[in-house]
file my_file_2.cif (mmCIF, C-alpha atoms)
data_upload
loop_
_atom_site.label_atom_id
_atom_site.label_comp_id
_atom_site.auth_asym_id
_atom_site.auth_seq_id
_atom_site.Cartn_x
_atom_site.Cartn_y
_atom_site.Cartn_z
CA MET A 1 62.02 139.31 127.34
CA ASN A 2 63.05 136.49 125.01
CA GLU A 3 64.81 136.89 121.65
CA MET A 4 61.56 136.43 119.72
CA THR A 5 59.90 139.29 121.65
CA LYS A 6 62.89 141.54 120.99
CA THR A 7 63.05 141.00 117.25
CA VAL A 8 59.38 140.92 116.19
CA ALA A 9 57.91 144.43 116.05
CA ASP A 10 54.60 144.73 117.90
CA THR A 11 52.66 146.81 115.39
CA TRP A 12 48.98 147.44 114.84
CA THR A 13 47.08 148.19 111.64
CA VAL A 14 44.02 150.30 110.89
CA ALA A 15 42.53 150.73 107.41
CA GLY A 16 45.63 149.18 105.87
CA ARG A 17 48.07 151.54 107.64
CA THR A 18 50.52 150.10 110.12
CA PHE A 19 51.85 151.88 113.21
CA THR A 20 54.34 151.07 115.95
CA SER A 21 53.18 153.53 118.62
CA ARG A 22 49.85 152.68 120.22
CA LEU A 23 49.42 156.17 121.64
CA ILE A 24 47.41 158.80 119.74
CA VAL A 25 47.54 162.37 121.04
CA GLY A 26 45.38 165.41 120.50
CA THR A 27 46.16 168.96 119.42
CA GLY A 28 43.98 171.05 121.73
CA LYS A 29 44.49 172.91 125.02
CA TYR A 30 48.25 173.36 124.64
CA LYS A 31 49.93 176.70 125.34
CA ASP A 32 50.92 176.95 121.68
CA PHE A 33 51.74 174.83 118.62
CA ALA A 34 55.41 174.58 119.68
CA GLN A 35 54.54 172.98 123.02
CA ASN A 36 52.09 170.68 121.25
CA ALA A 37 54.79 169.56 118.80
CA ALA A 38 57.26 168.93 121.63
CA ALA A 39 54.69 166.82 123.49
CA VAL A 40 54.01 164.76 120.37
CA GLU A 41 57.72 164.08 120.02
CA ALA A 42 58.07 163.13 123.69
CA SER A 43 55.07 160.79 123.44
CA GLY A 44 56.44 158.91 120.45
CA ALA A 45 52.98 159.14 118.87
CA GLU A 46 52.69 158.57 115.12
CA ILE A 47 49.11 159.87 114.87
CA VAL A 48 47.69 163.20 116.03
CA THR A 49 43.99 163.95 116.03
CA VAL A 50 42.96 167.41 114.88
CA ALA A 51 39.65 169.21 115.40
CA VAL A 52 38.81 170.43 111.90
CA ARG A 53 36.55 173.17 113.29
CA ARG A 54 39.13 174.55 115.73
CA VAL A 55 42.68 173.98 114.50
CA ASN A 56 43.97 175.77 111.42
CA ILE A 57 45.20 173.21 108.89
CA SER A 58 44.44 175.01 105.64
CA ASP A 59 44.67 178.83 105.98
CA PRO A 60 48.28 179.87 105.19
CA LYS A 61 47.64 183.44 106.44
CA ALA A 62 47.30 182.24 110.05
CA PRO A 63 49.66 180.10 112.18
CA MET A 64 49.33 176.53 110.97
CA LEU A 65 49.73 173.32 112.94
CA THR A 66 51.39 171.74 109.91
CA ASP A 67 54.31 174.18 110.34
CA TYR A 68 55.06 172.51 113.68
CA ILE A 69 53.89 168.90 113.23
CA ASP A 70 54.95 167.61 109.82
CA PRO A 71 52.10 165.68 108.12
CA ARG A 72 54.73 163.79 106.10
CA LYS A 73 56.07 162.28 109.32
CA ILE A 74 53.00 162.21 111.57
CA THR A 75 49.60 160.94 110.42
CA TYR A 76 46.86 163.54 110.83
CA LEU A 77 43.50 162.21 112.01
CA PRO A 78 40.87 164.93 111.39
CA ASN A 79 38.03 164.75 113.90
CA THR A 80 34.53 166.15 114.22
CA ALA A 81 34.82 167.62 117.73
CA GLY A 82 31.97 170.05 118.34
CA CYS A 83 29.52 168.33 115.98
CA PHE A 84 26.09 167.47 117.39
CA THR A 85 24.39 166.02 114.30
CA ALA A 86 25.33 163.45 111.69
CA ASP A 87 24.97 166.05 108.92
CA ASP A 88 27.39 168.42 110.67
CA ALA A 89 29.97 165.68 111.14
CA ILE A 90 29.68 164.50 107.52
CA ARG A 91 30.03 168.04 106.20
CA THR A 92 33.07 168.69 108.42
CA LEU A 93 34.90 165.60 107.19
CA ARG A 94 34.08 166.31 103.56
CA LEU A 95 35.76 169.69 104.04
CA ALA A 96 38.77 168.00 105.66
CA ARG A 97 39.14 165.69 102.69
CA GLU A 98 38.99 168.64 100.30
CA ALA A 99 41.55 170.59 102.36
CA GLY A 100 44.11 167.85 102.95
CA GLY A 101 43.02 164.71 101.13
CA TRP A 102 42.37 162.90 104.43
CA ASP A 103 40.18 159.81 104.40
CA LEU A 104 41.29 158.16 107.68
CA VAL A 105 39.16 160.21 110.09
CA LYS A 106 37.85 160.24 113.64
CA LEU A 107 34.09 160.51 113.91
CA GLU A 108 32.39 161.84 117.00
CA VAL A 109 28.81 163.08 117.17
CA LEU A 110 27.99 164.47 120.59
CA GLY A 111 24.61 164.30 122.27
CA GLU A 112 24.94 167.30 124.59
CA ALA A 113 27.49 169.86 125.73
CA ARG A 114 27.43 168.99 129.45
CA THR A 115 28.62 165.37 129.30
CA LEU A 116 30.00 165.30 125.71
CA TYR A 117 28.60 161.77 125.52
CA PRO A 118 28.13 160.47 121.99
CA ASP A 119 24.69 160.41 120.37
CA MET A 120 24.83 156.84 119.08
CA ARG A 121 21.87 157.16 116.70
CA GLU A 122 23.49 160.12 114.90
CA THR A 123 26.94 158.50 115.14
CA LEU A 124 25.71 155.33 113.40
CA LYS A 125 23.98 157.35 110.70
CA ALA A 126 27.15 159.37 110.02
CA CYS A 127 29.35 156.27 110.06
CA GLU A 128 27.25 154.55 107.37
CA VAL A 129 27.31 157.60 105.06
CA LEU A 130 31.05 158.21 105.52
CA ALA A 131 31.96 154.56 104.89
CA LYS A 132 29.91 154.58 101.68
CA GLU A 133 31.73 157.75 100.57
CA GLY A 134 35.13 156.07 100.91
CA PHE A 135 36.13 157.41 104.31
CA ALA A 136 37.76 155.13 106.89
CA PRO A 137 36.05 156.25 110.12
CA MET A 138 37.54 155.55 113.54
CA VAL A 139 34.53 156.10 115.78
CA TYR A 140 34.15 157.53 119.31
CA CYS A 141 31.33 155.71 121.08
CA VAL A 142 29.77 154.68 124.38
CA ASP A 143 31.36 151.73 126.19
CA ASP A 144 28.65 149.37 124.96
CA PRO A 145 29.54 146.10 123.18
CA ILE A 146 26.26 146.08 121.20
CA ALA A 147 26.78 149.63 119.91
CA ALA A 148 30.40 148.75 119.10
CA LYS A 149 29.32 145.79 116.96
CA GLN A 150 26.71 147.94 115.17
CA LEU A 151 29.41 150.50 114.34
CA GLU A 152 31.68 147.79 112.97
CA GLU A 153 28.82 146.56 110.74
CA ALA A 154 28.24 150.16 109.61
CA GLY A 155 31.82 150.44 108.33
CA ALA A 156 33.88 151.69 111.29
CA VAL A 157 37.56 150.79 110.86
CA ALA A 158 38.22 151.20 114.60
CA ILE A 159 36.03 151.35 117.69
CA MET A 160 36.89 154.01 120.27
CA PRO A 161 34.88 153.60 123.48
CA LEU A 162 35.14 156.28 126.13
CA GLY A 163 36.83 155.38 129.39
CA ALA A 164 35.08 158.30 131.11
CA PRO A 165 33.67 161.66 129.92
CA ILE A 166 35.95 163.71 127.63
CA GLY A 167 38.42 165.82 129.60
CA SER A 168 37.35 164.38 132.98
CA GLY A 169 40.57 162.52 133.82
CA LEU A 170 38.54 159.97 135.78
CA GLY A 171 40.18 156.92 134.23
CA ILE A 172 38.43 153.83 132.89
CA GLN A 173 35.15 153.54 134.76
CA ASN A 174 33.89 150.26 133.32
CA LYS A 175 36.62 147.75 132.62
CA VAL A 176 34.08 144.96 132.06
CA THR A 177 32.39 146.55 129.05
CA VAL A 178 35.67 147.72 127.51
CA ARG A 179 36.95 144.15 127.76
CA LEU A 180 33.72 142.83 126.17
CA ILE A 181 34.15 145.27 123.28
CA VAL A 182 37.74 144.07 122.78
CA GLU A 183 36.66 140.42 122.81
CA GLY A 184 33.88 140.99 120.27
CA ALA A 185 35.65 143.29 117.81
CA ASN A 186 37.23 142.40 114.48
CA VAL A 187 38.73 145.89 114.14
CA PRO A 188 41.13 147.76 116.45
CA VAL A 189 39.73 149.04 119.76
CA LEU A 190 41.21 152.17 121.33
CA VAL A 191 40.12 153.83 124.56
CA ASP A 192 39.22 157.42 123.74
CA ALA A 193 38.49 159.96 126.50
CA GLY A 194 38.79 159.94 130.27
CA VAL A 195 42.46 159.05 130.74
CA GLY A 196 43.99 161.21 133.47
CA THR A 197 47.35 159.71 134.28
CA ALA A 198 49.78 156.99 133.23
CA SER A 199 48.15 154.20 135.22
CA ASP A 200 44.87 154.78 133.33
CA ALA A 201 46.68 154.30 130.01
CA ALA A 202 48.31 151.11 131.32
CA VAL A 203 44.91 149.74 132.40
CA ALA A 204 43.47 150.34 128.91
CA MET A 205 46.32 148.37 127.36
CA GLU A 206 46.11 145.59 129.97
CA LEU A 207 42.47 145.11 128.94
CA GLY A 208 43.69 144.22 125.46
CA CYS A 209 42.98 147.50 123.69
CA ASP A 210 45.03 148.19 120.59
CA GLY A 211 45.76 151.75 121.65
CA VAL A 212 44.78 154.82 123.65
CA LEU A 213 43.86 158.33 122.53
CA MET A 214 44.30 161.27 124.87
CA ASN A 215 44.59 165.03 124.87
CA THR A 216 43.76 166.76 128.16
CA ALA A 217 45.81 164.36 130.30
CA ILE A 218 48.98 165.58 128.59
CA ALA A 219 48.02 169.16 127.69
CA GLU A 220 46.78 170.08 131.19
CA ALA A 221 49.57 168.35 133.13
CA LYS A 222 51.84 170.73 135.03
CA ASP A 223 54.71 169.41 132.88
CA PRO A 224 53.16 168.27 129.58
CA LEU A 225 56.41 166.93 128.12
CA ARG A 226 57.14 164.75 131.12
CA MET A 227 53.55 163.49 131.13
CA ALA A 228 53.78 162.72 127.40
CA ARG A 229 56.86 160.62 128.12
CA ALA A 230 55.07 158.91 131.04
CA MET A 231 52.13 158.04 128.78
CA LYS A 232 54.45 156.57 126.18
CA LEU A 233 56.01 154.28 128.78
CA ALA A 234 52.63 153.41 130.34
CA VAL A 235 51.16 152.33 127.01
CA GLU A 236 54.22 150.20 126.32
CA ALA A 237 54.16 148.67 129.82
CA GLY A 238 50.42 147.94 129.66
CA ARG A 239 50.82 146.29 126.27
CA ASP A 240 53.72 144.14 127.52
CA ALA A 241 51.70 143.12 130.59
CA TYR A 242 48.76 142.11 128.38
CA LEU A 243 50.99 140.05 126.08
CA ALA A 244 52.79 138.46 129.03
CA GLY A 245 49.53 137.18 130.53
CA ARG A 246 48.99 138.24 134.11
CA MET A 247 48.98 135.84 137.06
CA ALA A 248 45.68 134.50 138.36
CA THR A 249 44.04 136.40 141.19
CA ARG A 250 43.47 134.46 144.41
CA ARG A 251 41.38 135.05 147.50
CA TYR A 252 44.19 134.09 149.86
CA ALA A 253 47.96 134.35 150.06
CA ASP A 254 50.17 132.01 148.09
CA PRO A 255 53.79 132.02 149.33
CA SER A 256 56.57 132.72 146.84
CA SER A 257 58.74 130.14 148.61
CA PRO A 258 57.40 126.67 149.53
CA LEU A 259 56.51 126.21 153.21
CA ALA A 260 57.42 122.52 153.24
CA GLY A 261 60.83 121.53 154.63
CA LEU A 262 61.28 124.66 156.76
CA ILE A 263 63.92 124.42 159.51
#
call {"tool": "encode", "arguments": {"input": "my_file_2.cif", "output": "structure tokens"}}
result
Amino acid sequence: MNEMTKTVADTWTVAGRTFTSRLIVGTGKYKDFAQNAAAVEASGAEIVTVAVRRVNISDPKAPMLTDYIDPRKITYLPNTAGCFTADDAIRTLRLAREAGGWDLVKLEVLGEARTLYPDMRETLKACEVLAKEGFAPMVYCVDDPIAAKQLEEAGAVAIMPLGAPIGSGLGIQNKVTVRLIVEGANVPVLVDAGVGTASDAAVAMELGCDGVLMNTAIAEAKDPLRMARAMKLAVEAGRDAYLAGRMATRRYADPSSPLAGLI
């Protein structure tokens, strides 16, 4: 690593907000809020995504996530998990803005409960409305470069293609389309869903993605804190590998040492 690489911070920006960590983590499936907070710290994440319908962020009579993860230090990204129509998603995020003043949000509109694949027609409709209302929507979508471009035109501030179905841990199933989305986008691209282990996170970053969002891969690991740390390192390693520019692939061997002049 040369001196220039050491001194220039490798940050990324979404909707005018700049971050150093390229890992976003979720707040579901953990044993409790304390374990969740410890995992966030171990991951180095600066953004946590929160399901407005499931996680208490506004009722002071019940345990609150904000007591464990300080919204003054960590950016909260309210999401629309569990919404199956554009109207539901829009209503959910309006409530989030009233409760906490959030306008940077994660939009997901699901098509069915079995696959949790996004309904792109409803997603596009919601994205257009939210953008017009002053929200900055980061949008979960299919790994389709055409749909990604349509979302960007509709006002999405970040494109978040799935690597594989939510919670599946299958890793990135279609590297070609994720790469095409990265090449065609003028906004940040983050793989969202499907990461199972550290190598999956590294692959996402090696494809040129600006970041990775995950929840189950950390929360359901046997040792969530160690996995959070592994994901932090994997995202950093994948990003460095992308910036370094990998070697060309070849069909045959190419010796590290020249064969000419052998004794």
call {"tool": "residues_around", "arguments": {"input": "my_file_2.cif", "residues": "Pro118 of chain A", "least_positions_apart": "4", "cutoff": "7 Å", "atoms": "only C-alpha atoms", "output": "ChimeraX atom specification"}}
result
/A:108-111,141-142
call {"tool": "closest_atom_pairs", "arguments": {"input": "my_file_2.cif", "of": "segment 47-161 of chain A", "to": "segment 166-189 of chain A", "cutoff": "10 Å", "atoms": "only C-alpha atoms", "output": "tab-separated table"}}
result
residue	atom	partner	partner_atom	distance
A:Thr115	CA	A:Ile166	CA	7.7
A:Leu116	CA	A:Ile166	CA	6.5
A:Tyr117	CA	A:Ile166	CA	7.9
A:Met138	CA	A:Pro188	CA	9.1
A:Val139	CA	A:Val189	CA	9.6
A:Val142	CA	A:Val178	CA	9.6
A:Asp143	CA	A:Thr177	CA	6.0
A:Asp144	CA	A:Thr177	CA	6.2
A:Pro145	CA	A:Ile181	CA	4.7
A:Ile146	CA	A:Ile181	CA	8.2
A:Ala147	CA	A:Ile181	CA	9.2
A:Ala148	CA	A:Ile181	CA	6.6
A:Lys149	CA	A:Ala185	CA	6.9
A:Glu152	CA	A:Val187	CA	7.4
A:Ala156	CA	A:Val187	CA	8.1
A:Val157	CA	A:Val187	CA	6.0
A:Ala158	CA	A:Pro188	CA	4.9
A:Ile159	CA	A:Val189	CA	4.8
A:Met160	CA	A:Val189	CA	5.7
A:Pro161	CA	A:Val178	CA	7.2
call {"tool": "residues_around", "arguments": {"input": "my_file_2.cif", "residues": "segment 201-206 of chain A", "least_positions_apart": "5", "cutoff": "8 Å", "atoms": "all atoms listed in the file", "output": "MDAnalysis selection string"}}
result
chainID A and resid 172 191 195 211:212 231 234:239 241:242
call {"tool": "residues_around", "arguments": {"input": "my_file_2.cif", "residues": "Ala86 of chain A", "least_positions_apart": "5", "cutoff": "9 Å", "atoms": "only C-alpha atoms", "output": "PyMOL selection string"}}
result
chain A and resi 91+108-109+121-127
call {"tool": "resolve_selection", "arguments": {"input": "my_file_2.cif", "expression": "the PyMOL selection byres ((chain A and resi 72-77) around 7)", "output": "PyMOL selection string"}}
result
chain A and resi 46-50+69-71+78-79+104-106
call {"tool": "build_atoms", "arguments": {"input": "my_file_2.cif", "residues": "segment 89-109 of chain A", "atoms": "N, CA, C and O atoms", "output": "PDB file, in the frame of the given file"}}
result
ATOM      1  N   ALA A  89      28.736 166.478 111.134  1.00  0.00           N
ATOM      2  CA  ALA A  89      29.970 165.680 111.140  1.00  0.00           C
ATOM      3  C   ALA A  89      30.376 165.305 109.720  1.00  0.00           C
ATOM      4  O   ALA A  89      31.553 165.393 109.350  1.00  0.00           O
ATOM      5  N   ILE A  90      29.396 164.896 108.915  1.00  0.00           N
ATOM      6  CA  ILE A  90      29.680 164.500 107.520  1.00  0.00           C
ATOM      7  C   ILE A  90      30.227 165.683 106.741  1.00  0.00           C
ATOM      8  O   ILE A  90      31.234 165.572 106.031  1.00  0.00           O
ATOM      9  N   ARG A  91      29.596 166.835 106.901  1.00  0.00           N
ATOM     10  CA  ARG A  91      30.030 168.040 106.200  1.00  0.00           C
ATOM     11  C   ARG A  91      31.457 168.424 106.611  1.00  0.00           C
ATOM     12  O   ARG A  91      32.290 168.788 105.772  1.00  0.00           O
ATOM     13  N   THR A  92      31.747 168.346 107.893  1.00  0.00           N
ATOM     14  CA  THR A  92      33.070 168.690 108.420  1.00  0.00           C
ATOM     15  C   THR A  92      34.160 167.811 107.814  1.00  0.00           C
ATOM     16  O   THR A  92      35.229 168.291 107.416  1.00  0.00           O
ATOM     17  N   LEU A  93      33.887 166.522 107.717  1.00  0.00           N
ATOM     18  CA  LEU A  93      34.900 165.600 107.190  1.00  0.00           C
ATOM     19  C   LEU A  93      35.033 165.698 105.672  1.00  0.00           C
ATOM     20  O   LEU A  93      36.121 165.486 105.127  1.00  0.00           O
ATOM     21  N   ARG A  94      33.971 166.053 105.006  1.00  0.00           N
ATOM     22  CA  ARG A  94      34.080 166.310 103.560  1.00  0.00           C
ATOM     23  C   ARG A  94      35.014 167.492 103.315  1.00  0.00           C
ATOM     24  O   ARG A  94      35.837 167.479 102.401  1.00  0.00           O
ATOM     25  N   LEU A  95      34.887 168.520 104.157  1.00  0.00           N
ATOM     26  CA  LEU A  95      35.760 169.690 104.040  1.00  0.00           C
ATOM     27  C   LEU A  95      37.224 169.315 104.325  1.00  0.00           C
ATOM     28  O   LEU A  95      38.135 169.790 103.661  1.00  0.00           O
ATOM     29  N   ALA A  96      37.411 168.436 105.327  1.00  0.00           N
ATOM     30  CA  ALA A  96      38.770 168.000 105.660  1.00  0.00           C
ATOM     31  C   ALA A  96      39.402 167.245 104.494  1.00  0.00           C
ATOM     32  O   ALA A  96      40.581 167.421 104.194  1.00  0.00           O
ATOM     33  N   ARG A  97      38.606 166.442 103.825  1.00  0.00           N
ATOM     34  CA  ARG A  97      39.140 165.690 102.690  1.00  0.00           C
ATOM     35  C   ARG A  97      39.505 166.634 101.544  1.00  0.00           C
ATOM     36  O   ARG A  97      40.526 166.460 100.889  1.00  0.00           O
ATOM     37  N   GLU A  98      38.679 167.657 101.340  1.00  0.00           N
ATOM     38  CA  GLU A  98      38.990 168.640 100.300  1.00  0.00           C
ATOM     39  C   GLU A  98      40.253 169.422 100.640  1.00  0.00           C
ATOM     40  O   GLU A  98      41.078 169.710  99.771  1.00  0.00           O
ATOM     41  N   ALA A  99      40.415 169.756 101.935  1.00  0.00           N
ATOM     42  CA  ALA A  99      41.550 170.590 102.360  1.00  0.00           C
ATOM     43  C   ALA A  99      42.865 169.819 102.344  1.00  0.00           C
ATOM     44  O   ALA A  99      43.901 170.350 101.944  1.00  0.00           O
ATOM     45  N   GLY A 100      42.840 168.560 102.805  1.00  0.00           N
ATOM     46  CA  GLY A 100      44.110 167.850 102.950  1.00  0.00           C
ATOM     47  C   GLY A 100      44.144 166.455 102.367  1.00  0.00           C
ATOM     48  O   GLY A 100      45.136 165.743 102.522  1.00  0.00           O
ATOM     49  N   GLY A 101      43.054 166.045 101.732  1.00  0.00           N
ATOM     50  CA  GLY A 101      43.020 164.710 101.130  1.00  0.00           C
ATOM     51  C   GLY A 101      42.859 163.592 102.146  1.00  0.00           C
ATOM     52  O   GLY A 101      43.083 162.417 101.827  1.00  0.00           O
ATOM     53  N   TRP A 102      42.464 163.927 103.380  1.00  0.00           N
ATOM     54  CA  TRP A 102      42.370 162.900 104.430  1.00  0.00           C
ATOM     55  C   TRP A 102      41.136 162.023 104.266  1.00  0.00           C
ATOM     56  O   TRP A 102      40.035 162.529 104.078  1.00  0.00           O
ATOM     57  N   ASP A 103      41.340 160.704 104.375  1.00  0.00           N
ATOM     58  CA  ASP A 103      40.180 159.810 104.400  1.00  0.00           C
ATOM     59  C   ASP A 103      40.132 158.961 105.677  1.00  0.00           C
ATOM     60  O   ASP A 103      39.067 158.501 106.063  1.00  0.00           O
ATOM     61  N   LEU A 104      41.305 158.770 106.348  1.00  0.00           N
ATOM     62  CA  LEU A 104      41.290 158.160 107.680  1.00  0.00           C
ATOM     63  C   LEU A 104      40.883 159.277 108.648  1.00  0.00           C
ATOM     64  O   LEU A 104      41.592 160.274 108.793  1.00  0.00           O
ATOM     65  N   VAL A 105      39.726 159.116 109.293  1.00  0.00           N
ATOM     66  CA  VAL A 105      39.160 160.210 110.090  1.00  0.00           C
ATOM     67  C   VAL A 105      38.634 159.674 111.415  1.00  0.00           C
ATOM     68  O   VAL A 105      38.377 158.481 111.563  1.00  0.00           O
ATOM     69  N   LYS A 106      38.464 160.603 112.360  1.00  0.00           N
ATOM     70  CA  LYS A 106      37.850 160.240 113.640  1.00  0.00           C
ATOM     71  C   LYS A 106      36.473 160.885 113.708  1.00  0.00           C
ATOM     72  O   LYS A 106      36.339 162.105 113.627  1.00  0.00           O
ATOM     73  N   LEU A 107      35.463 160.037 113.844  1.00  0.00           N
ATOM     74  CA  LEU A 107      34.090 160.510 113.910  1.00  0.00           C
ATOM     75  C   LEU A 107      33.617 160.577 115.346  1.00  0.00           C
ATOM     76  O   LEU A 107      33.745 159.610 116.101  1.00  0.00           O
ATOM     77  N   GLU A 108      33.098 161.726 115.724  1.00  0.00           N
ATOM     78  CA  GLU A 108      32.390 161.840 117.000  1.00  0.00           C
ATOM     79  C   GLU A 108      31.193 162.746 116.798  1.00  0.00           C
ATOM     80  O   GLU A 108      31.311 163.829 116.231  1.00  0.00           O
ATOM     81  N   VAL A 109      30.031 162.271 117.212  1.00  0.00           N
ATOM     82  CA  VAL A 109      28.810 163.080 117.170  1.00  0.00           C
ATOM     83  C   VAL A 109      28.287 163.129 118.596  1.00  0.00           C
ATOM     84  O   VAL A 109      27.891 162.106 119.160  1.00  0.00           O
TER      85      VAL A 109
END
